[in-house]
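Structure file work_6.pdb with PDB, C-alpha atoms, pLDDT in the B column:
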```pdb
ATOM      1  CA  MET A  26     -31.903  -2.639  55.556  1.00 50.00           C
ATOM      2  CA  SER A  27     -32.642   1.042  55.282  1.00 49.00           C
ATOM      3  CA  LEU A  28     -33.929   2.572  52.045  1.00 44.00           C
ATOM      4  CA  ARG A  29     -30.770   4.669  51.864  1.00 48.00           C
ATOM      5  CA  ARG A  30     -28.500   1.614  52.083  1.00 48.00           C
ATOM      6  CA  LYS A  31     -30.662  -0.277  49.567  1.00 47.00           C
ATOM      7  CA  GLY A  32     -30.408   2.668  47.165  1.00 47.00           C
ATOM      8  CA  VAL A  33     -26.620   2.694  47.466  1.00 46.00           C
ATOM      9  CA  GLY A  34     -26.537  -1.043  46.770  1.00 48.00           C
ATOM     10  CA  LEU A  35     -28.689  -0.721  43.637  1.00 46.00           C
ATOM     11  CA  LEU A  36     -26.513   2.124  42.398  1.00 45.00           C
ATOM     12  CA  ALA A  37     -23.372   0.020  42.892  1.00 43.00           C
ATOM     13  CA  LEU A  38     -24.905  -2.897  40.970  1.00 40.00           C
ATOM     14  CA  THR A  39     -25.911  -0.566  38.144  1.00 43.00           C
ATOM     15  CA  LEU A  40     -22.399   0.879  37.912  1.00 39.00           C
ATOM     16  CA  LEU A  41     -20.894  -2.613  37.836  1.00 39.00           C
ATOM     17  CA  ALA A  42     -23.253  -3.644  35.039  1.00 42.00           C
ATOM     18  CA  VAL A  43     -22.453  -0.573  32.974  1.00 41.00           C
ATOM     19  CA  THR A  44     -18.711  -0.982  33.536  1.00 43.00           C
ATOM     20  CA  GLY A  45     -18.905  -4.630  32.564  1.00 44.00           C
ATOM     21  CA  CYS A  46     -20.718  -3.854  29.306  1.00 44.00           C
ATOM     22  CA  SER A  47     -18.408  -1.055  28.259  1.00 42.00           C
ATOM     23  CA  GLY A  48     -15.146  -2.691  29.248  1.00 46.00           C
ATOM     24  CA  GLY A  49     -15.831  -6.321  28.344  1.00 48.00           C
ATOM     25  CA  GLY A  50     -14.615  -6.034  24.737  1.00 55.00           C
ATOM     26  CA  GLU A  51     -11.257  -5.121  23.293  1.00 61.00           C
ATOM     27  CA  PRO A  52     -10.480  -1.389  23.138  1.00 73.00           C
ATOM     28  CA  GLU A  53     -10.705   0.130  19.684  1.00 81.00           C
ATOM     29  CA  GLU A  54      -7.430  -0.008  17.775  1.00 90.00           C
ATOM     30  CA  SER A  55      -6.030   3.444  17.061  1.00 95.00           C
ATOM     31  CA  GLY A  56      -5.016   4.603  13.605  1.00 95.00           C
ATOM     32  CA  PRO A  57      -1.244   4.428  14.327  1.00 97.00           C
ATOM     33  CA  ASP A  58      -1.658   0.989  15.923  1.00 97.00           C
ATOM     34  CA  LEU A  59      -3.571  -0.294  12.897  1.00 97.00           C
ATOM     35  CA  LEU A  60      -0.896   1.022  10.528  1.00 98.00           C
ATOM     36  CA  ALA A  61       1.793  -0.604  12.683  1.00 97.00           C
ATOM     37  CA  ARG A  62      -0.021  -3.952  12.564  1.00 98.00           C
ATOM     38  CA  ALA A  63      -0.433  -3.641   8.794  1.00 98.00           C
ATOM     39  CA  LYS A  64       3.306  -2.959   8.430  1.00 97.00           C
ATOM     40  CA  THR A  65       4.213  -6.006  10.522  1.00 97.00           C
ATOM     41  CA  THR A  66       1.839  -8.191   8.511  1.00 97.00           C
ATOM     42  CA  LEU A  67       3.241  -6.940   5.209  1.00 97.00           C
ATOM     43  CA  ASP A  68       6.842  -7.338   6.371  1.00 97.00           C
ATOM     44  CA  GLU A  69       6.106 -10.948   7.347  1.00 97.00           C
ATOM     45  CA  ALA A  70       4.442 -11.835   4.032  1.00 97.00           C
ATOM     46  CA  SER A  71       6.571 -13.958   1.708  1.00 97.00           C
ATOM     47  CA  SER A  72       4.721 -12.626  -1.338  1.00 98.00           C
ATOM     48  CA  ALA A  73       1.766 -10.543  -2.507  1.00 98.00           C
ATOM     49  CA  HIS A  74      -0.116  -9.755  -5.692  1.00 98.00           C
ATOM     50  CA  PHE A  75      -0.527  -6.093  -6.577  1.00 95.00           C
ATOM     51  CA  VAL A  76      -2.543  -4.006  -9.006  1.00 97.00           C
ATOM     52  CA  LEU A  77      -1.587  -0.373  -9.647  1.00 96.00           C
ATOM     53  CA  ASP A  78      -3.850   2.218 -11.286  1.00 96.00           C
ATOM     54  CA  SER A  79      -3.499   5.969 -11.762  1.00 95.00           C
ATOM     55  CA  GLU A  80      -5.563   9.058 -12.547  1.00 95.00           C
ATOM     56  CA  GLY A  81      -4.393  12.460 -13.713  1.00 93.00           C
ATOM     57  CA  ALA A  82      -1.358  11.470 -15.789  1.00 90.00           C
ATOM     58  CA  PRO A  83      -0.360  13.954 -18.506  1.00 88.00           C
ATOM     59  CA  GLU A  84      -0.355  12.930 -22.143  1.00 83.00           C
ATOM     60  CA  SER A  85       3.362  13.455 -22.705  1.00 82.00           C
ATOM     61  CA  GLY A  86       6.596  12.183 -21.216  1.00 83.00           C
ATOM     62  CA  THR A  87       7.641   8.698 -20.150  1.00 86.00           C
ATOM     63  CA  LEU A  88       5.564   7.750 -17.134  1.00 89.00           C
ATOM     64  CA  LEU A  89       4.425   4.767 -15.100  1.00 92.00           C
ATOM     65  CA  VAL A  90       0.621   4.739 -15.132  1.00 93.00           C
ATOM     66  CA  GLY A  91      -0.318   1.224 -13.993  1.00 95.00           C
ATOM     67  CA  GLY A  92       0.620  -2.384 -13.663  1.00 95.00           C
ATOM     68  CA  GLU A  93      -0.079  -5.788 -12.179  1.00 97.00           C
ATOM     69  CA  GLY A  94       2.111  -8.589 -10.934  1.00 97.00           C
ATOM     70  CA  ASP A  95       3.527 -10.663  -8.122  1.00 98.00           C
ATOM     71  CA  ILE A  96       6.190  -9.505  -5.686  1.00 97.00           C
ATOM     72  CA  ALA A  97       8.146 -12.018  -3.641  1.00 97.00           C
ATOM     73  CA  ARG A  98      10.651 -11.753  -0.860  1.00 95.00           C
ATOM     74  CA  PRO A  99      13.470 -10.955  -0.727  1.00 93.00           C
ATOM     75  CA  ALA A 100      13.611  -8.939  -3.971  1.00 95.00           C
ATOM     76  CA  SER A 101      11.671 -10.325  -6.931  1.00 97.00           C
ATOM     77  CA  PHE A 102       8.873  -9.200  -9.249  1.00 97.00           C
ATOM     78  CA  ASP A 103       7.099 -10.707 -12.238  1.00 98.00           C
ATOM     79  CA  GLY A 104       4.342  -8.869 -14.043  1.00 97.00           C
ATOM     80  CA  THR A 105       3.318  -6.215 -16.509  1.00 96.00           C
ATOM     81  CA  LEU A 106       3.846  -2.479 -16.081  1.00 95.00           C
ATOM     82  CA  GLU A 107       1.891   0.060 -18.113  1.00 95.00           C
ATOM     83  CA  VAL A 108       4.076   2.930 -19.302  1.00 92.00           C
ATOM     84  CA  LEU A 109       3.062   6.051 -21.181  1.00 90.00           C
ATOM     85  CA  ALA A 110       5.696   6.911 -23.798  1.00 84.00           C
ATOM     86  CA  LEU A 111       5.486   9.276 -26.768  1.00 76.00           C
ATOM     87  CA  GLY A 112       1.766   9.661 -26.218  1.00 77.00           C
ATOM     88  CA  SER A 113       1.078   5.913 -26.392  1.00 84.00           C
ATOM     89  CA  SER A 114       0.437   3.353 -23.668  1.00 88.00           C
ATOM     90  CA  LEU A 115       2.856   0.424 -23.622  1.00 89.00           C
ATOM     91  CA  ASP A 116       2.526  -2.792 -21.624  1.00 93.00           C
ATOM     92  CA  LEU A 117       5.994  -3.970 -20.652  1.00 94.00           C
ATOM     93  CA  ASP A 118       6.549  -7.505 -19.389  1.00 96.00           C
ATOM     94  CA  VAL A 119       8.965  -6.974 -16.496  1.00 97.00           C
ATOM     95  CA  VAL A 120      10.924  -9.337 -14.262  1.00 97.00           C
ATOM     96  CA  SER A 121      13.163  -8.198 -11.413  1.00 97.00           C
ATOM     97  CA  VAL A 122      15.475 -10.494  -9.460  1.00 97.00           C
ATOM     98  CA  ASP A 123      17.951  -9.358  -6.797  1.00 95.00           C
ATOM     99  CA  GLY A 124      18.252  -5.808  -8.113  1.00 94.00           C
ATOM    100  CA  THR A 125      18.471  -6.608 -11.821  1.00 97.00           C
ATOM    101  CA  VAL A 126      15.452  -5.527 -13.871  1.00 97.00           C
ATOM    102  CA  TYR A 127      14.560  -7.224 -17.160  1.00 97.00           C
ATOM    103  CA  ALA A 128      11.950  -6.032 -19.654  1.00 95.00           C
ATOM    104  CA  GLN A 129      10.626  -7.288 -22.941  1.00 94.00           C
ATOM    105  CA  LEU A 130      10.754  -4.116 -25.009  1.00 88.00           C
ATOM    106  CA  PRO A 131       8.313  -3.321 -27.833  1.00 85.00           C
ATOM    107  CA  PHE A 132       8.962  -5.158 -31.104  1.00 85.00           C
ATOM    108  CA  THR A 133      11.310  -7.639 -29.415  1.00 87.00           C
ATOM    109  CA  THR A 134      10.832 -11.288 -28.499  1.00 87.00           C
ATOM    110  CA  ALA A 135      13.424 -11.551 -25.714  1.00 92.00           C
ATOM    111  CA  TYR A 136      14.101  -9.821 -22.409  1.00 96.00           C
ATOM    112  CA  SER A 137      16.833  -7.216 -21.969  1.00 95.00           C
ATOM    113  CA  VAL A 138      18.423  -5.819 -18.824  1.00 96.00           C
ATOM    114  CA  VAL A 139      17.100  -2.262 -18.408  1.00 94.00           C
ATOM    115  CA  ASP A 140      17.390   0.756 -16.172  1.00 94.00           C
ATOM    116  CA  PRO A 141      13.795   1.129 -14.918  1.00 90.00           C
ATOM    117  CA  ALA A 142      14.278   4.877 -14.382  1.00 89.00           C
ATOM    118  CA  GLN A 143      14.222   5.393 -18.157  1.00 87.00           C
ATOM    119  CA  PHE A 144      10.621   4.170 -18.107  1.00 85.00           C
ATOM    120  CA  GLY A 145       9.564   6.262 -15.126  1.00 83.00           C
ATOM    121  CA  PHE A 146       9.656   3.679 -12.339  1.00 86.00           C
ATOM    122  CA  GLY A 147      12.010   2.160  -9.789  1.00 89.00           C
ATOM    123  CA  ASP A 148      12.918  -1.454  -9.120  1.00 93.00           C
ATOM    124  CA  PRO A 149       9.577  -3.256  -8.559  1.00 94.00           C
ATOM    125  CA  GLY A 150      11.422  -6.109  -6.874  1.00 95.00           C
ATOM    126  CA  ALA A 151      12.077  -3.823  -3.897  1.00 94.00           C
ATOM    127  CA  LEU A 152       8.410  -3.273  -3.070  1.00 94.00           C
ATOM    128  CA  LEU A 153       8.456  -5.795  -0.203  1.00 94.00           C
ATOM    129  CA  ASP A 154      11.720  -4.531   1.280  1.00 93.00           C
ATOM    130  CA  PRO A 155      10.924  -3.441   4.881  1.00 93.00           C
ATOM    131  CA  GLU A 156      13.417  -0.565   4.646  1.00 90.00           C
ATOM    132  CA  THR A 157      12.542   0.874   1.217  1.00 87.00           C
ATOM    133  CA  GLY A 158       9.276  -0.691   0.061  1.00 93.00           C
ATOM    134  CA  ILE A 159       5.526  -0.288   0.500  1.00 95.00           C
ATOM    135  CA  SER A 160       5.577  -0.824   4.258  1.00 95.00           C
ATOM    136  CA  GLN A 161       7.587   2.373   4.697  1.00 96.00           C
ATOM    137  CA  LEU A 162       4.433   4.240   3.664  1.00 96.00           C
ATOM    138  CA  LEU A 163       2.782   2.753   6.753  1.00 97.00           C
ATOM    139  CA  ALA A 164       5.755   3.380   9.040  1.00 96.00           C
ATOM    140  CA  GLN A 165       6.278   7.046   8.181  1.00 96.00           C
ATOM    141  CA  ALA A 166       2.645   8.182   7.959  1.00 97.00           C
ATOM    142  CA  GLU A 167       1.882  11.473   9.710  1.00 97.00           C
ATOM    143  CA  SER A 168      -1.339  13.196  10.868  1.00 97.00           C
ATOM    144  CA  VAL A 169      -2.979   9.774  11.102  1.00 97.00           C
ATOM    145  CA  GLU A 170      -6.757   9.618  11.542  1.00 97.00           C
ATOM    146  CA  LEU A 171      -8.951   6.552  11.919  1.00 96.00           C
ATOM    147  CA  GLY A 172     -11.780   6.368   9.386  1.00 95.00           C
ATOM    148  CA  LYS A 173     -14.876   4.277   8.908  1.00 94.00           C
ATOM    149  CA  GLU A 174     -15.318   0.539   8.555  1.00 94.00           C
ATOM    150  CA  SER A 175     -16.734  -0.990   5.394  1.00 92.00           C
ATOM    151  CA  ARG A 176     -17.100  -4.411   3.842  1.00 90.00           C
ATOM    152  CA  VAL A 177     -15.251  -5.251   0.619  1.00 84.00           C
ATOM    153  CA  ASP A 178     -15.852  -8.655  -0.986  1.00 84.00           C
ATOM    154  CA  GLY A 179     -17.176  -9.915   2.337  1.00 87.00           C
ATOM    155  CA  GLU A 180     -14.164  -8.686   4.320  1.00 93.00           C
ATOM    156  CA  VAL A 181     -14.340  -5.912   6.924  1.00 96.00           C
ATOM    157  CA  VAL A 182     -11.761  -3.195   6.266  1.00 96.00           C
ATOM    158  CA  ARG A 183     -10.961  -0.024   8.183  1.00 97.00           C
ATOM    159  CA  GLU A 184      -9.871   3.213   6.547  1.00 97.00           C
ATOM    160  CA  VAL A 185      -6.947   5.214   7.868  1.00 98.00           C
ATOM    161  CA  THR A 186      -6.051   8.606   6.400  1.00 98.00           C
ATOM    162  CA  ALA A 187      -2.630  10.208   6.710  1.00 98.00           C
ATOM    163  CA  GLU A 188      -0.001  12.439   5.145  1.00 98.00           C
ATOM    164  CA  LEU A 189       3.217  10.993   3.722  1.00 97.00           C
ATOM    165  CA  PRO A 190       6.548  12.775   3.213  1.00 96.00           C
ATOM    166  CA  GLY A 191       6.888  13.616  -0.468  1.00 95.00           C
ATOM    167  CA  ASP A 192      10.528  12.537  -0.614  1.00 94.00           C
ATOM    168  CA  LEU A 193       9.573   9.073   0.692  1.00 94.00           C
ATOM    169  CA  VAL A 194       6.904   8.648  -1.985  1.00 94.00           C
ATOM    170  CA  GLU A 195       9.409   9.785  -4.616  1.00 91.00           C
ATOM    171  CA  GLN A 196      11.717   6.913  -3.611  1.00 89.00           C
ATOM    172  CA  ILE A 197       8.966   4.274  -3.823  1.00 90.00           C
ATOM    173  CA  LEU A 198       6.876   5.607  -6.735  1.00 88.00           C
ATOM    174  CA  THR A 199       7.611   9.063  -8.121  1.00 88.00           C
ATOM    175  CA  SER A 200       7.080  12.758  -7.386  1.00 90.00           C
ATOM    176  CA  GLU A 201       7.800  15.960  -9.243  1.00 92.00           C
ATOM    177  CA  ASP A 202       7.757  17.949  -5.988  1.00 95.00           C
ATOM    178  CA  PRO A 203       9.182  15.896  -3.094  1.00 94.00           C
ATOM    179  CA  SER A 204       8.793  18.864  -0.739  1.00 95.00           C
ATOM    180  CA  THR A 205       4.990  18.529  -0.946  1.00 96.00           C
ATOM    181  CA  PRO A 206       3.318  15.921   1.322  1.00 96.00           C
ATOM    182  CA  VAL A 207       1.155  13.241  -0.259  1.00 97.00           C
ATOM    183  CA  ASP A 208      -2.355  12.502   0.992  1.00 98.00           C
ATOM    184  CA  ALA A 209      -2.926   8.816   1.724  1.00 98.00           C
ATOM    185  CA  ARG A 210      -6.003   6.726   2.351  1.00 98.00           C
ATOM    186  CA  PHE A 211      -5.287   3.175   3.482  1.00 98.00           C
ATOM    187  CA  SER A 212      -7.795   0.314   3.705  1.00 97.00           C
ATOM    188  CA  ILE A 213      -6.716  -2.427   6.107  1.00 98.00           C
ATOM    189  CA  ALA A 214      -8.422  -5.767   6.772  1.00 97.00           C
ATOM    190  CA  VAL A 215      -9.551  -5.691  10.404  1.00 96.00           C
ATOM    191  CA  ASP A 216      -9.124  -9.409  11.110  1.00 95.00           C
ATOM    192  CA  SER A 217      -5.863 -10.148   9.302  1.00 96.00           C
ATOM    193  CA  GLY A 218      -4.210  -6.734   9.411  1.00 97.00           C
ATOM    194  CA  GLU A 219      -3.396  -7.021   5.705  1.00 97.00           C
ATOM    195  CA  LEU A 220      -3.124  -3.806   3.704  1.00 97.00           C
ATOM    196  CA  ARG A 221      -5.730  -4.106   0.977  1.00 97.00           C
ATOM    197  CA  ARG A 222      -5.567  -0.704  -0.692  1.00 97.00           C
ATOM    198  CA  ALA A 223      -3.496   2.471  -0.631  1.00 97.00           C
ATOM    199  CA  GLU A 224      -4.797   5.552  -2.451  1.00 97.00           C
ATOM    200  CA  LEU A 225      -2.138   8.252  -2.769  1.00 97.00           C
ATOM    201  CA  THR A 226      -2.759  11.767  -4.092  1.00 98.00           C
ATOM    202  CA  GLY A 227       0.052  14.208  -4.816  1.00 96.00           C
ATOM    203  CA  PRO A 228       2.208  15.914  -7.486  1.00 96.00           C
ATOM    204  CA  PHE A 229       3.407  12.675  -9.057  1.00 93.00           C
ATOM    205  CA  TYR A 230       3.705  13.839 -12.657  1.00 92.00           C
ATOM    206  CA  THR A 231       3.664  17.664 -12.534  1.00 92.00           C
ATOM    207  CA  ALA A 232       4.598  20.008  -9.687  1.00 92.00           C
ATOM    208  CA  GLY A 233       1.519  21.853  -8.469  1.00 91.00           C
ATOM    209  CA  GLU A 234      -0.927  19.420 -10.086  1.00 94.00           C
ATOM    210  CA  GLU A 235      -2.430  16.478  -8.269  1.00 96.00           C
ATOM    211  CA  ALA A 236      -2.639  12.940  -9.585  1.00 96.00           C
ATOM    212  CA  THR A 237      -3.638   9.719  -7.846  1.00 97.00           C
ATOM    213  CA  PHE A 238      -2.052   6.277  -7.597  1.00 96.00           C
ATOM    214  CA  THR A 239      -4.175   3.402  -6.264  1.00 97.00           C
ATOM    215  CA  LEU A 240      -2.351   0.283  -5.127  1.00 96.00           C
ATOM    216  CA  GLN A 241      -4.292  -2.881  -4.282  1.00 97.00           C
ATOM    217  CA  LEU A 242      -2.744  -5.900  -2.561  1.00 97.00           C
ATOM    218  CA  SER A 243      -4.009  -9.476  -2.270  1.00 97.00           C
ATOM    219  CA  ASP A 244      -2.863 -13.113  -2.058  1.00 97.00           C
ATOM    220  CA  PHE A 245      -0.447 -12.563   0.815  1.00 97.00           C
ATOM    221  CA  GLY A 246       1.906 -15.518   1.190  1.00 97.00           C
ATOM    222  CA  ALA A 247       0.927 -17.262  -2.056  1.00 97.00           C
ATOM    223  CA  ASP A 248       3.396 -19.776  -3.484  1.00 96.00           C
ATOM    224  CA  VAL A 249       5.309 -17.594  -5.950  1.00 95.00           C
ATOM    225  CA  GLU A 250       8.554 -18.557  -7.680  1.00 95.00           C
ATOM    226  CA  ILE A 251      10.356 -15.951  -9.789  1.00 97.00           C
ATOM    227  CA  SER A 252      13.578 -16.472 -11.703  1.00 96.00           C
ATOM    228  CA  ALA A 253      15.600 -14.365 -14.121  1.00 96.00           C
ATOM    229  CA  PRO A 254      14.428 -14.762 -17.728  1.00 95.00           C
ATOM    230  CA  PRO A 255      16.754 -15.647 -20.600  1.00 92.00           C
ATOM    231  CA  THR A 256      18.044 -12.591 -22.439  1.00 91.00           C
ATOM    232  CA  GLY A 257      18.660 -12.205 -26.133  1.00 77.00           C
TER     233      GLY A 257
END
```

Entire entry expressed as structure tokens:
Amino acid sequence: MSLRRKGVGLLALTLLAVTGCSGGGEPEESGPDLLARAKTTLDEASSAHFVLDSEGAPESGTLLVGGEGDIARPASFDGTLEVLALGSSLDLDVVSVDGTVYAQLPFTTAYSVVDPAQFGFGDPGALLDPETGISQLLAQAESVELGKESRVDGEVVREVTAELPGDLVEQILTSEDPSTPVDARFSIAVDSGELRRAELTGPFYTAGEEATFTLQLSDFGADVEISAPPTG
């Protein structure tokens, strides 16, 4: 064998080795693909536990500033929502079943049917609705960029940043300027595809002034049973 032919053979083997190393694993999931997988996973979950926090709320008005509870498919919620009213923070025990929202109001011992809009929030039982709930934030994200990986409580999550239409966020949470896009930072579990955290920044309380909502999700598919409470 000539030196020239031997050189060509070695080069071919080298190229095959390099190609095998670089192409042996799965291709990296894109930002839109990761959001799509997170939406599918959320839409398939029978239930989830959520914690909501906020920063930048004004000191006046009637506003949703936080909460914690369980949401279950098709349209149920049981938890506590933190509302700012008349300069004071109130913890309202809230139950929602099939579009009817019940709350135990301050200085009462029984639940009453309420219009959640009067307390600055929508129907929390709709948060798992594929058409109007949290997963719409994943479906309608724009200017999507893949971020870094990190480990949270032993789980590998991947960040995805995006912009969300302001009018969409107004329907799910609130906005004082729906024409202004909302900045979003999602954290998604790489293995399971479960949305772990959504940090949203936009004019939620005052037009032209930014505030931040942070939504955390866990316990996907837990055994949750929610029924309408007795009213007095």

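You can rank A:Asp95, A:Asp216, A:Glu188, A:Asp208 by their closest distance to Ala247 (chain A) using all atoms listed in the file, and at the top of that list sits A:Asp95.
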
CA of Leu220 (chain A) to CA of Glu107 (chain A) measures 22.7 Å

Nearest to Thr65 (chain A) by atom-to-atom distance, counting all atoms listed in the file, from A:Ala214, A:Ala164, A:Ala82, A:Val138: A:Ala164

Work out how far apart CA of Leu163 (chain A) and CA of Ser252 (chain A) are and give it in Å to one decimal. 28.8 Å

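Each of A:Gly91, A:Pro57, A:Val215, A:Asp248 was checked against Arg176 (chain A) using all atoms listed in the file; the smallest atom-to-atom distance is that of A:Val215.
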
On this file, the PyMOL selection byres ((chain A and resi 196) around 12) gives some set of residues; write that set as a PyMOL selection string. chain A and resi 142+145-149+151-152+156-159+161-162+189-195+197-203+229

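Shell of region 178-184 of chain A at 9 Å, with only C-alpha atoms counted and residues fewer than 4 places along the chain excluded, is Gly56, Leu59, Glu170, Leu171, Gly172, Lys173, Glu174, Arg210, Phe211, Ser212, Ile213, Ala214, Val215, Asp216, Gly218 and Arg221 of chain A.
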
Hey, what's within 8 Å of region 73-79 of chain A if we count only C-alpha atoms and toss same-chain stuff fewer than 5 positions away? As a ChimeraX atom specification, please? /A:90-97,236-247

Please write the residues from the selection above to a file, keeping C-alpha atoms, as a compact mmCIF listing (two decimals), keeping the file's coordinate frame.
```
# COMPACT_ATOMS: atom_id res chain seq x y z
CA VAL A 90 0.62 4.74 -15.13
CA GLY A 91 -0.32 1.22 -13.99
CA GLY A 92 0.62 -2.38 -13.66
CA GLU A 93 -0.08 -5.79 -12.18
CA GLY A 94 2.11 -8.59 -10.93
CA ASP A 95 3.53 -10.66 -8.12
CA ILE A 96 6.19 -9.51 -5.69
CA ALA A 97 8.15 -12.02 -3.64
CA ALA A 236 -2.64 12.94 -9.59
CA THR A 237 -3.64 9.72 -7.85
CA PHE A 238 -2.05 6.28 -7.60
CA THR A 239 -4.18 3.40 -6.26
CA LEU A 240 -2.35 0.28 -5.13
CA GLN A 241 -4.29 -2.88 -4.28
CA LEU A 242 -2.74 -5.90 -2.56
CA SER A 243 -4.01 -9.48 -2.27
CA ASP A 244 -2.86 -13.11 -2.06
CA PHE A 245 -0.45 -12.56 0.82
CA GLY A 246 1.91 -15.52 1.19
CA ALA A 247 0.93 -17.26 -2.06
```

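Counting all atoms listed in the file, the residue from A:Val169, A:Val122, A:Thr134, A:Ser72 that sits nearest to Val249 (chain A) is A:Ser72.
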
Once the PyMOL selection byres ((chain A and resi 67) around 8) has been evaluated on this model, what residues remain selected, and can you format them as an MDAnalysis selection string? chainID A and resid 63:66 68:70 153 160 219:220

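The residues returned by the PyMOL selection byres ((chain A and resi 254) around 8) for this structure are A:Val120, A:Tyr127, A:Tyr136, A:Ser252, A:Ala253, A:Pro255, A:Thr256.
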
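For the pair CA of Leu88 (chain A) and CA of Leu109 (chain A), the separation is 5.1 Å.
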
The centre and edge lengths of an axis-aligned box containing all atoms of region 79-85 of chain A present in the file, extended by 5 Å on each side, are to be given in Å to one decimal, as lines of an AutoDock Vina configuration file.
```
center_x = -1.1
center_y = 10.0
center_z = -17.2
size_x = 18.9
size_y = 18.0
size_z = 20.9
```

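Distances to Gly124 (chain A) were evaluated for A:Pro141, A:Gly112, A:Gly104, A:Gly150 using only C-alpha atoms, and the minimum falls at A:Gly150.
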
Would you mind completing region 201-213 of chain A to N, CA and C atoms and writing the output as a PDB file, in the frame of the given file?
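New file part.pdb:
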```pdb
ATOM      1  N   GLU A 201       7.148  14.827  -8.602  1.00 92.00           N
ATOM      2  CA  GLU A 201       7.800  15.960  -9.243  1.00 92.00           C
ATOM      3  C   GLU A 201       8.019  17.109  -8.264  1.00 92.00           C
ATOM      4  N   ASP A 202       7.540  16.937  -7.019  1.00 95.00           N
ATOM      5  CA  ASP A 202       7.757  17.949  -5.988  1.00 95.00           C
ATOM      6  C   ASP A 202       7.860  17.246  -4.635  1.00 95.00           C
ATOM      7  N   PRO A 203       9.026  16.656  -4.335  1.00 94.00           N
ATOM      8  CA  PRO A 203       9.182  15.896  -3.094  1.00 94.00           C
ATOM      9  C   PRO A 203       8.982  16.712  -1.830  1.00 94.00           C
ATOM     10  N   SER A 204       9.001  18.042  -1.931  1.00 95.00           N
ATOM     11  CA  SER A 204       8.793  18.864  -0.739  1.00 95.00           C
ATOM     12  C   SER A 204       7.314  18.933  -0.340  1.00 95.00           C
ATOM     13  N   THR A 205       6.429  18.480  -1.214  1.00 96.00           N
ATOM     14  CA  THR A 205       4.990  18.529  -0.946  1.00 96.00           C
ATOM     15  C   THR A 205       4.510  17.189  -0.393  1.00 96.00           C
ATOM     16  N   PRO A 206       3.837  17.181   0.776  1.00 96.00           N
ATOM     17  CA  PRO A 206       3.318  15.921   1.322  1.00 96.00           C
ATOM     18  C   PRO A 206       2.272  15.296   0.401  1.00 96.00           C
ATOM     19  N   VAL A 207       2.122  14.010   0.530  1.00 97.00           N
ATOM     20  CA  VAL A 207       1.155  13.241  -0.259  1.00 97.00           C
ATOM     21  C   VAL A 207       0.038  12.782   0.660  1.00 97.00           C
ATOM     22  N   ASP A 208      -1.199  12.974   0.226  1.00 98.00           N
ATOM     23  CA  ASP A 208      -2.355  12.502   0.992  1.00 98.00           C
ATOM     24  C   ASP A 208      -2.542  11.007   0.745  1.00 98.00           C
ATOM     25  N   ALA A 209      -2.772  10.267   1.827  1.00 98.00           N
ATOM     26  CA  ALA A 209      -2.926   8.816   1.724  1.00 98.00           C
ATOM     27  C   ALA A 209      -4.219   8.367   2.377  1.00 98.00           C
ATOM     28  N   ARG A 210      -4.831   7.379   1.767  1.00 98.00           N
ATOM     29  CA  ARG A 210      -6.003   6.726   2.351  1.00 98.00           C
ATOM     30  C   ARG A 210      -5.773   5.220   2.262  1.00 98.00           C
ATOM     31  N   PHE A 211      -5.557   4.604   3.424  1.00 98.00           N
ATOM     32  CA  PHE A 211      -5.287   3.175   3.482  1.00 98.00           C
ATOM     33  C   PHE A 211      -6.561   2.416   3.858  1.00 98.00           C
ATOM     34  N   SER A 212      -6.725   1.228   3.296  1.00 97.00           N
ATOM     35  CA  SER A 212      -7.795   0.314   3.705  1.00 97.00           C
ATOM     36  C   SER A 212      -7.140  -0.974   4.195  1.00 97.00           C
ATOM     37  N   ILE A 213      -7.401  -1.318   5.455  1.00 98.00           N
ATOM     38  CA  ILE A 213      -6.716  -2.427   6.107  1.00 98.00           C
ATOM     39  C   ILE A 213      -7.741  -3.433   6.610  1.00 98.00           C
TER      40      ILE A 213
END
```
